[in-house]
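S.K.: So that we are looking at the same thing, I have put the structure below in structure tokens.
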Amino acid sequence: MVEAGEDHGGDRPGVAPPLRRIAVRGARLALIGWGSSQGLNFVAYIALARLVSPAGFGEFAAASVITGAGGLFAESGMTAALINRRDRLDEAASTAFFSQLLGGFLISVAALAVAPLVGLYFHSSRIGELSAAMSGWLFLRALTVVPDSLLQRRFSFARRVAVDPLGVIAFAAVSITLCAEDAGAWGLVAGTYASMGVQVVSAWGFARIRPRWRLASIAMW
């Protein structure tokens with residue numbers, strides 16, 4: 001924030017340097033977080049490659065088709081709306097949370113209903129079962145929209161530096177443990193849920209906000 005008495009225009013001191021510092025610091029932290037996540041993910045999949053057959057990975061990938069597509073709709077424009085909101089942010093955040101709660105539930109139910117069709121398409125009842133099991137991931141994904149949006153709004157890089165790496169660690173710990181017990185594609189499903197669950201909890205922890213039902217409204221939505 002610009003202090004009283006500082007210059008306000010052009011390239012004069014008081015405006016550009018803080019913005020440059022935020023940008024440089026943010027780029028550095030984002031790079032560190034991204035690199036950590038990718039490195040951990042790479043190591044995890046090297047271990048999993050020795051525990052899960054190519055067929056198991058193929059089944060998991062096929063079962064994830066619906067959730068991959070559904071994830072595009074889970075956000076439903078709320079991120080941009082919250083980031084650009086100028087006033088009544090508590091009301092907007094509470095409304096967004098409850099709408100995402102309902103929307104995530106509905107899209108998960110839709111994914112569950114479509115899961116048998118996925119199995120039929122791939123001529124595999126196992127893929128259909130895996131797809132059905134993955135449908136709940138969309139509900140968890142919807143729960144990350146509000147905290148992620150608020151963190152972006154605050155120029156917080158907690159998502160990159162902490163939330164994403166913690167999610168990768170949770171995925172690796174659960175999936176490797178279960179796949180070592182010959183769980184196959186089901187171990188990858190469990191790891192995916194563990195990852196998203198940790199991301200939901202940690203994102204809300206960093207966002208530090210408590211949605212309130214009385215603040216939510218159809219008008220705000």
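All residue names refer to the structure tokens as shown: chains lettered A, B, ... in order, residues numbered from 1 in each chain, ligands numbered from 1 in order.
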Applying 7 Å and only C-alpha atoms, which residues near Ser108 of chain A remain after dropping the ones on its own chain fewer than 6 positions away? List them as a list in words.
M.R.: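 Selected residues are Ser135, Gly136, Leu138 and Phe139 of chain A.
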S.K.: Hey, can you spit out that residue selection with all heavy atoms as a tab-separated table (two decimals), in the first residue's frame?
M.R.:
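Contents of again_32.tsv, as written:
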chain	number	residue	atom	x	y	z
A	135	SER	N	-16.05	-40.67	-9.16
A	135	SER	CA	-17.02	-39.57	-9.30
A	135	SER	C	-17.00	-38.61	-8.12
A	135	SER	O	-17.21	-37.41	-8.28
A	135	SER	CB	-18.43	-40.13	-9.50
A	135	SER	OG	-18.83	-40.90	-8.38
A	136	GLY	N	-16.74	-39.10	-6.91
A	136	GLY	CA	-16.72	-38.24	-5.73
A	136	GLY	C	-15.59	-37.23	-5.73
A	136	GLY	O	-15.64	-36.23	-4.99
A	138	LEU	N	-14.96	-35.14	-7.94
A	138	LEU	CA	-15.48	-33.86	-8.44
A	138	LEU	C	-16.07	-33.02	-7.31
A	138	LEU	O	-15.98	-31.79	-7.34
A	138	LEU	CB	-16.54	-34.11	-9.51
A	138	LEU	CG	-16.00	-34.69	-10.83
A	138	LEU	CD1	-17.14	-35.19	-11.70
A	138	LEU	CD2	-15.17	-33.64	-11.57
A	139	PHE	N	-16.67	-33.68	-6.34
A	139	PHE	CA	-17.22	-32.95	-5.19
A	139	PHE	C	-16.09	-32.29	-4.40
A	139	PHE	O	-16.17	-31.11	-4.03
A	139	PHE	CB	-18.00	-33.91	-4.29
A	139	PHE	CG	-18.57	-33.26	-3.06
A	139	PHE	CD1	-19.67	-32.42	-3.15
A	139	PHE	CD2	-17.99	-33.47	-1.81
A	139	PHE	CE1	-20.20	-31.81	-2.01
A	139	PHE	CE2	-18.51	-32.87	-0.68
A	139	PHE	CZ	-19.62	-32.03	-0.78
S.K.: Got a sec: who's within 12 Å of Val43 of chain A, counting only C-alpha atoms, leaving out chain neighbours fewer than 4 positions off, as a list in words?
M.R.: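 Once the adjacent positions are removed, what remains is Ser36, Ser37, Gln38, Gly39, Ala47, Leu48, Ala49, Arg50, Val168, Ile169, Phe171, Ala172, Ala173 and Ile176 of chain A.
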S.K.: Restricting the calculation to only C-alpha atoms, which member of A:Arg28, A:Arg20, A:His123, A:Arg85 is positioned closest to Ser149 of chain A?
M.R.: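 Ranked by minimum distance to Ser149 of chain A, first place goes to A:Arg85.
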S.K.: Have a look at A:Arg141, A:Glu75, A:Ala207, A:Ala55 and name the one nearest to Ser124 of chain A; count only C-alpha atoms.
M.R.: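 Smallest separation from Ser124 of chain A among the options: A:Ala55.
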S.K.: From the list A:Leu117, A:Arg208, A:Leu102, A:Ala203, which residue is nearest Phe157 of chain A when using only C-alpha atoms?
M.R.: A:Ala203
